[in-house]
Amino acid sequence: MSLFGRKFPTPIVRPLAPFIAAASIVWLTVNKIENSAQSLPPYDSDPRNPKALLNKQLKEHH
Amino acid sequence: MAFRLLRNPRGLSATLRPLQISQRNVAFSGIRRYTASPKDDKQKVEPKQKALSIIDSLPGNSLITKTGYITVGTGLVTLAISKELYVFNEETLLVITFASIVTVLYRALKKPVNEWAEEQIGRVNNILRKAREDHKNAVQERIETVGQLGDIVDITKALFAMSKEIASLEAEAFELKQRAAASAEVKAVLDSWVRYEASLREREQKALSSYVIERVKSQLKDPRVQEDILNQSLDDLARINH
Amino acid sequence: MTKIIHIYNPLEQFEIVKFIALEGPLFGYIQIGLTNIGFYLLLASLFIILLHLLYNKEGVLGLSNTLMLCMESLFGFVLQLVKNQVGPSGQPYFPAIYSLFLFILLLNLVGLIPYSFCATAHFAFTLGLSSTIVLGVTILGLKLHGFHFFSLFVPAGTPLALVPLLTLIEAVSYVARSVSLGIRLAANMLAGHILLHLFSTFSWKFITGSFLGLLLAPLPLLFITLLYGLEIGVAFIQAFVFVLLTCSYIQDAIKLHSD
């Protein structure tokens, strides 16, 4: 692998593939939890919630 | 007021100094009278020298730039405080303590780390130098061994000529040997012939003589011949007696 | 009349602040922003990358021989750790483990600088890291050994009657790894920082409270300095422990029942 004008003759992607997969799984899970938590009452309308405005708009729309 | 004093380390130490000095005087006043030696007085750094060493530790060349740095530094700090760019609070203590622990660690670790690094660098340098030296020696050795073969062309030419001569001589010798072998063969054949002829003649003579002897013997057996011989011998005797 | 002492909240230093944020109803609802934790993570990564890129080019960063030797000895230290813990089959994981060690060490040390931010004192960060590691190790074990990987949950020489119970206990302890690994690091760093800030707050009250306090100021300062030394040690030890445990988990996944 060549990076920054330097060669790295070490296998990186192949041995670390399980960890990359695990990182993606963790990221996706956390993202899902975050998204669902942001739209759950009573914090869906909390001013500290960055999605509060959107949630309010969605509620008004319905 | 309190943090004004704290801000300037010298202000703080100035406040503390009278206390410390008085304590020391009380504690050691009795002892000093007896143990006072010129060595102790020498070890004490004169205040002026100490002040000079503080000034020397500041960056800059002349006294003017040094005092300039101090003035600018204090001015900037004062400005930062008065404009509330920097607020003295609990975090300031952490800054002070962090700076001191870093300084302490730096001072404490600088020497051993440098020594260790020097040792490592020296070790690697030694290995490299030794390797280069070895390589040089090996090349030198090779050059010397090759240098001994400097007149190899002449020697090779001579050797080639010699080998050519040897080859021609060998060819000649072989030819002579072949010739000698051929003449030896011829001689052997001729000799065998001669031997054969000789044996053949011998056998013929033998056969002839035996045949003659046989003839004589058979003739002798004949009574007439015996008589003839007897007569002749008698004649001979008679002649002798005459 | 009770005297109210105003103490500045020692947890305030761990607050996550958004520096730049991009939020809006785009692709559902995107929230992209640079918070202070993200900033410090980026800073640490860039610093490590830069240091290693300039490692060989002498004079570019004024990298002295001593600094290069220190980096080399750090490299050798982690390499020895990986060799001892995982063995020769763990060599492919060395780059990741080395990067992890430097990353955590640098974040720990940067967090100790006053006015800065300690990313490793955040459970969100360390738990994410540790669960990624444990999940990755599990995937690695499943990839290498297939279904046989689950024999890790049954210690050798277990009576058959105890197998379900022990499997349950082992499975719980295996899952607990991912939590304990992250909590150990974050709790240590968090405790150290809270302690430092508490002591600095009390010392500040003590020093500014009275003239006697000002006279005795060196005492608490000395104490905080010593505490700082301890925290620097903890920063090194926690980075080492995190990497050591990562190594042992990888070793567990590569060789089942190593003992």
# chains A, B, ... in the order shown; residues from 1 in each chain; ligands from 1

$ residues_around --residues "Phe19 in chain A" --least-positions-apart "5" --cutoff "9 Å" --atoms "only C-alpha atoms" --output "list of chain:residue names"
A:Ser24, C:Thr132, C:Ile133, C:Val134, C:Leu135, C:Gly136, C:Val137, C:Ile139, C:Leu140

$ closest_atom_pairs --of "chain C" --to "chain A" --cutoff "12 Å" --atoms "only C-alpha atoms" --output "Markdown table"
| residue | atom | partner | partner_atom | distance |
| --- | --- | --- | --- | --- |
| C:Lys18 | CA | A:Pro50 | CA | 11.4 |
| C:Ala21 | CA | A:Pro50 | CA | 10.4 |
| C:Leu22 | CA | A:Pro50 | CA | 10.7 |
| C:Glu23 | CA | A:Pro50 | CA | 8.0 |
| C:Gly24 | CA | A:Leu54 | CA | 8.6 |
| C:Pro25 | CA | A:Leu54 | CA | 7.6 |
| C:Leu26 | CA | A:Leu54 | CA | 11.3 |
| C:Gly28 | CA | A:Asn35 | CA | 10.1 |
| C:Tyr29 | CA | A:Lys51 | CA | 8.0 |
| C:Ile30 | CA | A:Lys51 | CA | 9.6 |
| C:Gln31 | CA | A:Pro50 | CA | 8.3 |
| C:Ile32 | CA | A:Pro50 | CA | 11.3 |
| C:Gly33 | CA | A:Pro50 | CA | 11.5 |
| C:Ile49 | CA | A:Phe4 | CA | 9.9 |
| C:Leu50 | CA | A:Phe4 | CA | 10.1 |
| C:His52 | CA | A:Arg6 | CA | 10.8 |
| C:Leu53 | CA | A:Phe4 | CA | 8.0 |
| C:Leu54 | CA | A:Phe4 | CA | 10.9 |
| C:Tyr55 | CA | A:Arg6 | CA | 11.8 |
| C:Asn56 | CA | A:Arg6 | CA | 11.1 |
| C:Ser89 | CA | A:Pro15 | CA | 10.8 |
| C:Gly90 | CA | A:Pro15 | CA | 9.6 |
| C:Gln91 | CA | A:Pro15 | CA | 9.6 |
| C:Pro92 | CA | A:Pro15 | CA | 6.1 |
| C:Tyr93 | CA | A:Pro15 | CA | 6.6 |
| C:Phe94 | CA | A:Ile12 | CA | 9.7 |
| C:Pro95 | CA | A:Ile12 | CA | 7.6 |
| C:Ala96 | CA | A:Leu16 | CA | 7.8 |
| C:Ile97 | CA | A:Leu16 | CA | 10.6 |
| C:Ser99 | CA | A:Ile12 | CA | 11.9 |
| C:Ala124 | CA | A:Val30 | CA | 10.1 |
| C:Phe125 | CA | A:Trp27 | CA | 11.5 |
| C:Leu127 | CA | A:Val26 | CA | 10.2 |
| C:Gly128 | CA | A:Val26 | CA | 7.1 |
| C:Leu129 | CA | A:Ala23 | CA | 8.3 |
| C:Ser130 | CA | A:Ala23 | CA | 10.1 |
| C:Ser131 | CA | A:Val26 | CA | 7.4 |
| C:Thr132 | CA | A:Ala23 | CA | 5.2 |
| C:Ile133 | CA | A:Phe19 | CA | 6.5 |
| C:Val134 | CA | A:Ala22 | CA | 8.4 |
| C:Leu135 | CA | A:Ala22 | CA | 5.5 |
| C:Gly136 | CA | A:Phe19 | CA | 4.1 |
| C:Val137 | CA | A:Pro18 | CA | 7.1 |
| C:Thr138 | CA | A:Pro18 | CA | 8.2 |
| C:Ile139 | CA | A:Pro18 | CA | 5.5 |
| C:Leu140 | CA | A:Pro18 | CA | 5.5 |
| C:Gly141 | CA | A:Pro18 | CA | 9.2 |
| C:Leu142 | CA | A:Pro18 | CA | 9.7 |
| C:Lys143 | CA | A:Pro18 | CA | 8.4 |
| C:Leu144 | CA | A:Pro18 | CA | 10.6 |
| C:Ser178 | CA | A:Val26 | CA | 11.8 |
| C:Thr246 | CA | A:Phe19 | CA | 11.8 |
| C:Ile250 | CA | A:Phe19 | CA | 10.9 |
| C:Ala253 | CA | A:Pro18 | CA | 11.6 |
| C:Ile254 | CA | A:Pro15 | CA | 11.8 |

$ select_by_dssp --residues "chain A" --states "helix (DSSP H, G or I)" --output "mmCIF file with N, CA and C atoms, in the first residue's frame"
data_model
loop_
_atom_site.group_PDB
_atom_site.id
_atom_site.type_symbol
_atom_site.label_atom_id
_atom_site.label_comp_id
_atom_site.auth_asym_id
_atom_site.auth_seq_id
_atom_site.Cartn_x
_atom_site.Cartn_y
_atom_site.Cartn_z
ATOM 1 N N VAL A 13 -5.344 -4.235 5.448
ATOM 2 C CA VAL A 13 -6.787 -4.408 5.312
ATOM 3 C C VAL A 13 -7.184 -5.850 5.632
ATOM 4 N N ARG A 14 -6.382 -6.796 5.158
ATOM 5 C CA ARG A 14 -6.774 -8.203 5.319
ATOM 6 C C ARG A 14 -6.805 -8.662 6.779
ATOM 7 N N PRO A 15 -5.736 -8.451 7.550
ATOM 8 C CA PRO A 15 -5.833 -8.899 8.954
ATOM 9 C C PRO A 15 -6.816 -8.093 9.785
ATOM 10 N N LEU A 16 -7.049 -6.839 9.370
ATOM 11 C CA LEU A 16 -7.908 -5.995 10.192
ATOM 12 C C LEU A 16 -9.349 -5.975 9.709
ATOM 13 N N ALA A 17 -9.650 -6.819 8.712
ATOM 14 C CA ALA A 17 -11.019 -6.830 8.187
ATOM 15 C C ALA A 17 -12.065 -7.097 9.276
ATOM 16 N N PRO A 18 -11.838 -8.050 10.216
ATOM 17 C CA PRO A 18 -12.836 -8.250 11.274
ATOM 18 C C PRO A 18 -13.075 -7.001 12.107
ATOM 19 N N PHE A 19 -11.998 -6.262 12.352
ATOM 20 C CA PHE A 19 -12.141 -5.075 13.182
ATOM 21 C C PHE A 19 -12.862 -3.959 12.430
ATOM 22 N N ILE A 20 -12.594 -3.886 11.114
ATOM 23 C CA ILE A 20 -13.291 -2.887 10.307
ATOM 24 C C ILE A 20 -14.779 -3.213 10.283
ATOM 25 N N ALA A 21 -15.078 -4.506 10.108
ATOM 26 C CA ALA A 21 -16.477 -4.922 10.119
ATOM 27 C C ALA A 21 -17.119 -4.598 11.458
ATOM 28 N N ALA A 22 -16.375 -4.881 12.544
ATOM 29 C CA ALA A 22 -16.917 -4.618 13.875
ATOM 30 C C ALA A 22 -17.159 -3.132 14.067
ATOM 31 N N ALA A 23 -16.217 -2.313 13.563
ATOM 32 C CA ALA A 23 -16.389 -0.867 13.696
ATOM 33 C C ALA A 23 -17.639 -0.413 12.960
ATOM 34 N N SER A 24 -17.859 -0.955 11.762
ATOM 35 C CA SER A 24 -19.063 -0.555 11.016
ATOM 36 C C SER A 24 -20.316 -0.985 11.768
ATOM 37 N N ILE A 25 -20.271 -2.202 12.337
ATOM 38 C CA ILE A 25 -21.453 -2.681 13.079
ATOM 39 C C ILE A 25 -21.728 -1.768 14.273
ATOM 40 N N VAL A 26 -20.675 -1.439 15.006
ATOM 41 C CA VAL A 26 -20.852 -0.580 16.188
ATOM 42 C C VAL A 26 -21.385 0.783 15.769
ATOM 43 N N TRP A 27 -20.816 1.325 14.684
ATOM 44 C CA TRP A 27 -21.238 2.654 14.240
ATOM 45 C C TRP A 27 -22.704 2.626 13.838
ATOM 46 N N LEU A 28 -23.066 1.610 13.077
ATOM 47 C CA LEU A 28 -24.459 1.543 12.611
ATOM 48 C C LEU A 28 -25.416 1.386 13.779
ATOM 49 N N THR A 29 -25.039 0.528 14.747
ATOM 50 C CA THR A 29 -25.908 0.318 15.906
ATOM 51 C C THR A 29 -26.081 1.601 16.703
ATOM 52 N N VAL A 30 -24.942 2.267 16.952
ATOM 53 C CA VAL A 30 -25.012 3.504 17.734
ATOM 54 C C VAL A 30 -25.838 4.550 17.002
ATOM 55 N N ASN A 31 -25.653 4.611 15.693
ATOM 56 C CA ASN A 31 -26.404 5.586 14.890
ATOM 57 C C ASN A 31 -27.894 5.309 14.982
ATOM 58 N N LYS A 32 -28.236 4.036 14.936
ATOM 59 C CA LYS A 32 -29.653 3.650 15.016
ATOM 60 C C LYS A 32 -30.239 4.025 16.371
ATOM 61 N N ILE A 33 -29.458 3.699 17.415
ATOM 62 C CA ILE A 33 -29.928 4.028 18.768
ATOM 63 C C ILE A 33 -30.091 5.537 18.908
ATOM 64 N N GLU A 34 -29.111 6.262 18.382
ATOM 65 C CA GLU A 34 -29.154 7.722 18.489
ATOM 66 C C GLU A 34 -30.384 8.268 17.793
ATOM 67 N N ASN A 35 -30.631 7.799 16.584
ATOM 68 C CA ASN A 35 -31.762 8.300 15.808
ATOM 69 C C ASN A 35 -33.078 7.996 16.493
ATOM 70 N N SER A 36 -33.178 6.767 17.026
ATOM 71 C CA SER A 36 -34.451 6.429 17.660
ATOM 72 C C SER A 36 -34.605 7.187 18.975
ATOM 73 N N ALA A 37 -33.475 7.394 19.672
ATOM 74 C CA ALA A 37 -33.575 8.081 20.947
ATOM 75 C C ALA A 37 -33.922 9.549 20.772
ATOM 76 N N GLN A 38 -33.465 10.111 19.654
ATOM 77 C CA GLN A 38 -33.724 11.535 19.431
ATOM 78 C C GLN A 38 -35.190 11.815 19.121
ATOM 79 N N TYR A 43 -37.892 13.588 25.300
ATOM 80 C CA TYR A 43 -36.761 14.413 24.865
ATOM 81 C C TYR A 43 -36.860 14.822 23.406
ATOM 82 N N ASP A 44 -37.939 14.407 22.714
ATOM 83 C CA ASP A 44 -38.033 14.770 21.297
ATOM 84 C C ASP A 44 -38.277 16.262 21.136
ATOM 85 N N SER A 45 -38.779 16.924 22.201
ATOM 86 C CA SER A 45 -39.029 18.363 22.081
ATOM 87 C C SER A 45 -38.125 19.160 23.018
ATOM 88 N N ALA A 52 -34.968 18.649 17.701
ATOM 89 C CA ALA A 52 -36.243 19.072 18.292
ATOM 90 C C ALA A 52 -37.112 19.797 17.277
ATOM 91 N N LEU A 53 -36.467 20.678 16.515
ATOM 92 C CA LEU A 53 -37.221 21.475 15.530
ATOM 93 C C LEU A 53 -37.868 20.570 14.495
ATOM 94 N N LEU A 54 -37.103 19.627 14.047
ATOM 95 C CA LEU A 54 -37.611 18.700 13.020
ATOM 96 C C LEU A 54 -38.767 17.878 13.570
ATOM 97 N N ASN A 55 -38.565 17.398 14.804
ATOM 98 C CA ASN A 55 -39.620 16.590 15.415
ATOM 99 C C ASN A 55 -40.911 17.397 15.530
ATOM 100 N N LYS A 56 -40.763 18.673 15.923
ATOM 101 C CA LYS A 56 -41.932 19.544 16.079
ATOM 102 C C LYS A 56 -42.649 19.702 14.732
ATOM 103 N N GLN A 57 -41.842 19.962 13.715
ATOM 104 C CA GLN A 57 -42.413 20.141 12.377
ATOM 105 C C GLN A 57 -43.147 18.883 11.938
ATOM 106 N N LEU A 58 -42.521 17.736 12.221
ATOM 107 C CA LEU A 58 -43.144 16.474 11.814
ATOM 108 C C LEU A 58 -44.482 16.276 12.522
ATOM 109 N N LYS A 59 -44.504 16.670 13.823
ATOM 110 C CA LYS A 59 -45.732 16.504 14.592
ATOM 111 C C LYS A 59 -46.836 17.411 14.049
ATOM 112 N N GLU A 60 -46.449 18.650 13.706
ATOM 113 C CA GLU A 60 -47.441 19.587 13.174
ATOM 114 C C GLU A 60 -47.974 19.118 11.834
ATOM 115 N N HIS A 61 -47.118 18.489 11.087
ATOM 116 C CA HIS A 61 -47.487 18.012 9.763
ATOM 117 C C HIS A 61 -48.581 16.959 9.843
#

$ closest_residue --among "C:Gln251, C:Leu196, C:Leu244, C:Leu216" --to "Ile113 in chain C" --atoms "only C-alpha atoms"
C:Leu196

$ interface_residues --of "chain C" --to "chain B" --cutoff "8 Å" --atoms "only C-alpha atoms" --output "compact mmCIF listing (two decimals) with N, CA and C atoms, in the first residue's frame"
# COMPACT_ATOMS: atom_id res chain seq x y z
N ASN C 65 18.16 12.80 17.15
CA ASN C 65 18.41 11.37 17.25
C ASN C 65 17.77 10.78 18.48
N THR C 66 17.76 11.59 19.56
CA THR C 66 17.20 11.09 20.82
C THR C 66 15.71 10.82 20.66
N LEU C 69 15.16 7.81 18.68
CA LEU C 69 15.45 6.61 19.47
C LEU C 69 14.31 6.31 20.42
N ILE C 113 -2.85 18.23 29.85
CA ILE C 113 -2.44 19.63 29.71
C ILE C 113 -3.60 20.51 30.16
N PRO C 114 -3.35 21.50 30.99
CA PRO C 114 -4.44 22.35 31.43
C PRO C 114 -5.10 23.06 30.26
N TYR C 115 -6.37 23.34 30.40
CA TYR C 115 -7.19 24.01 29.39
C TYR C 115 -7.47 23.12 28.18
N LEU C 196 -7.83 16.05 40.15
CA LEU C 196 -6.98 17.22 39.92
C LEU C 196 -7.78 18.50 40.05
N HIS C 197 -8.97 18.50 39.43
CA HIS C 197 -9.76 19.74 39.44
C HIS C 197 -10.32 20.03 40.82
N SER C 200 -7.46 21.38 42.81
CA SER C 200 -7.09 22.73 42.41
C SER C 200 -8.16 23.72 42.91
N THR C 201 -9.43 23.31 42.89
CA THR C 201 -10.48 24.20 43.37
C THR C 201 -10.31 24.47 44.86
N SER C 203 -7.62 24.16 46.63
CA SER C 203 -6.39 24.91 46.85
C SER C 203 -6.60 26.38 46.53
N TRP C 204 -7.35 26.61 45.47
CA TRP C 204 -7.62 28.01 45.08
C TRP C 204 -8.38 28.72 46.18
N THR C 208 -6.62 31.81 48.11
CA THR C 208 -7.20 33.15 47.98
C THR C 208 -8.04 33.51 49.19
N LEU C 214 -2.20 31.99 51.60
CA LEU C 214 -1.24 32.42 50.59
C LEU C 214 0.18 32.08 51.01
N LEU C 215 0.44 32.22 52.32
CA LEU C 215 1.77 31.88 52.81
C LEU C 215 2.05 30.40 52.65
N LEU C 221 0.21 23.26 46.27
CA LEU C 221 0.77 23.21 44.91
C LEU C 221 1.69 22.01 44.76
N LEU C 222 2.48 21.74 45.78
CA LEU C 222 3.37 20.58 45.74
C LEU C 222 2.54 19.29 45.63
N ILE C 224 -0.50 18.96 44.39
CA ILE C 224 -1.09 18.82 43.05
C ILE C 224 -0.02 18.41 42.04
N THR C 225 1.20 18.94 42.24
CA THR C 225 2.29 18.56 41.33
C THR C 225 2.56 17.06 41.40
N LEU C 226 2.58 16.55 42.66
CA LEU C 226 2.81 15.12 42.81
C LEU C 226 1.67 14.32 42.18
N TYR C 228 -0.09 15.26 39.72
CA TYR C 228 0.11 15.34 38.27
C TYR C 228 1.10 14.27 37.81
N GLY C 229 2.18 14.11 38.59
CA GLY C 229 3.15 13.06 38.26
C GLY C 229 2.49 11.70 38.24

$ residues_around --residues "Phe39 in chain C" --least-positions-apart "2" --cutoff "12 Å" --atoms "only C-alpha atoms" --output "VMD selection string"
chain C and resid 16 to 20 33 to 37 41 to 47 107 116 to 119

$ write_last_selection --atoms "N, CA and C atoms" --output "PDB file, in the first residue's frame"
ATOM      1  N   ILE C  16     -19.061  18.359  26.190  1.00  0.00           N
ATOM      2  CA  ILE C  16     -18.775  18.326  24.761  1.00  0.00           C
ATOM      3  C   ILE C  16     -19.403  19.545  24.106  1.00  0.00           C
ATOM      4  N   VAL C  17     -18.587  20.293  23.421  1.00  0.00           N
ATOM      5  CA  VAL C  17     -19.031  21.535  22.806  1.00  0.00           C
ATOM      6  C   VAL C  17     -18.883  21.398  21.302  1.00  0.00           C
ATOM      7  N   LYS C  18     -19.866  21.918  20.596  1.00  0.00           N
ATOM      8  CA  LYS C  18     -19.759  21.880  19.137  1.00  0.00           C
ATOM      9  C   LYS C  18     -18.986  23.094  18.655  1.00  0.00           C
ATOM     10  N   PHE C  19     -17.975  22.850  17.860  1.00  0.00           N
ATOM     11  CA  PHE C  19     -17.237  23.968  17.271  1.00  0.00           C
ATOM     12  C   PHE C  19     -17.917  24.406  15.990  1.00  0.00           C
ATOM     13  N   ILE C  20     -18.046  23.467  15.083  1.00  0.00           N
ATOM     14  CA  ILE C  20     -18.724  23.733  13.812  1.00  0.00           C
ATOM     15  C   ILE C  20     -19.797  22.662  13.690  1.00  0.00           C
ATOM     16  N   GLY C  33     -20.727  17.518  12.538  1.00  0.00           N
ATOM     17  CA  GLY C  33     -20.160  18.636  13.256  1.00  0.00           C
ATOM     18  C   GLY C  33     -18.825  18.285  13.837  1.00  0.00           C
ATOM     19  N   LEU C  34     -18.054  19.326  14.134  1.00  0.00           N
ATOM     20  CA  LEU C  34     -16.771  19.105  14.794  1.00  0.00           C
ATOM     21  C   LEU C  34     -16.943  19.525  16.247  1.00  0.00           C
ATOM     22  N   THR C  35     -16.940  18.548  17.118  1.00  0.00           N
ATOM     23  CA  THR C  35     -17.011  18.856  18.539  1.00  0.00           C
ATOM     24  C   THR C  35     -15.605  18.882  19.105  1.00  0.00           C
ATOM     25  N   ASN C  36     -15.480  19.244  20.387  1.00  0.00           N
ATOM     26  CA  ASN C  36     -14.120  19.300  20.931  1.00  0.00           C
ATOM     27  C   ASN C  36     -13.503  17.904  21.020  1.00  0.00           C
ATOM     28  N   ILE C  37     -14.327  16.876  21.275  1.00  0.00           N
ATOM     29  CA  ILE C  37     -13.757  15.522  21.333  1.00  0.00           C
ATOM     30  C   ILE C  37     -13.255  15.114  19.948  1.00  0.00           C
ATOM     31  N   LEU C  41      -9.466  14.146  18.858  1.00  0.00           N
ATOM     32  CA  LEU C  41      -9.163  12.864  18.207  1.00  0.00           C
ATOM     33  C   LEU C  41      -8.426  13.103  16.895  1.00  0.00           C
ATOM     34  N   LEU C  42      -8.915  14.084  16.124  1.00  0.00           N
ATOM     35  CA  LEU C  42      -8.267  14.411  14.848  1.00  0.00           C
ATOM     36  C   LEU C  42      -6.841  14.899  15.089  1.00  0.00           C
ATOM     37  N   LEU C  43      -6.716  15.755  16.102  1.00  0.00           N
ATOM     38  CA  LEU C  43      -5.405  16.318  16.413  1.00  0.00           C
ATOM     39  C   LEU C  43      -4.407  15.202  16.725  1.00  0.00           C
ATOM     40  N   ALA C  44      -4.841  14.272  17.577  1.00  0.00           N
ATOM     41  CA  ALA C  44      -3.951  13.178  17.971  1.00  0.00           C
ATOM     42  C   ALA C  44      -3.578  12.338  16.756  1.00  0.00           C
ATOM     43  N   SER C  45      -4.584  12.006  15.908  1.00  0.00           N
ATOM     44  CA  SER C  45      -4.291  11.164  14.740  1.00  0.00           C
ATOM     45  C   SER C  45      -3.320  11.881  13.807  1.00  0.00           C
ATOM     46  N   LEU C  46      -3.596  13.170  13.555  1.00  0.00           N
ATOM     47  CA  LEU C  46      -2.732  13.906  12.635  1.00  0.00           C
ATOM     48  C   LEU C  46      -1.326  14.025  13.200  1.00  0.00           C
ATOM     49  N   PHE C  47      -1.228  14.238  14.489  1.00  0.00           N
ATOM     50  CA  PHE C  47       0.094  14.368  15.109  1.00  0.00           C
ATOM     51  C   PHE C  47       0.886  13.077  14.957  1.00  0.00           C
ATOM     52  N   LEU C 107      -3.694  10.724  23.632  1.00  0.00           N
ATOM     53  CA  LEU C 107      -4.930  11.348  24.123  1.00  0.00           C
ATOM     54  C   LEU C 107      -4.883  11.504  25.638  1.00  0.00           C
ATOM     55  N   SER C 116      -7.018  21.887  28.216  1.00  0.00           N
ATOM     56  CA  SER C 116      -7.318  21.021  27.078  1.00  0.00           C
ATOM     57  C   SER C 116      -8.397  20.021  27.487  1.00  0.00           C
ATOM     58  N   PHE C 117      -8.590  19.043  26.665  1.00  0.00           N
ATOM     59  CA  PHE C 117      -9.746  18.174  26.814  1.00  0.00           C
ATOM     60  C   PHE C 117      -9.281  16.733  26.746  1.00  0.00           C
ATOM     61  N   CYS C 118      -9.804  15.913  27.643  1.00  0.00           N
ATOM     62  CA  CYS C 118      -9.359  14.518  27.667  1.00  0.00           C
ATOM     63  C   CYS C 118     -10.405  13.635  26.998  1.00  0.00           C
ATOM     64  N   ALA C 119     -10.072  13.155  25.806  1.00  0.00           N
ATOM     65  CA  ALA C 119     -11.052  12.349  25.059  1.00  0.00           C
ATOM     66  C   ALA C 119     -11.215  10.966  25.678  1.00  0.00           C
TER      67      ALA C 119
END

$ select_by_dssp --residues "chain A" --states "strand (DSSP E or B)" --output "list in words"
Ser2, Leu3, Arg6 and Lys7 of chain A

$ atom_distance --atom1 "CA of Thr167 in chain C" --atom2 "CA of Asp252 in chain C"
16.0 Å

$ atom_distance --atom1 "CA of Val86 in chain C" --atom2 "CA of Met68 in chain C"
26.5 Å
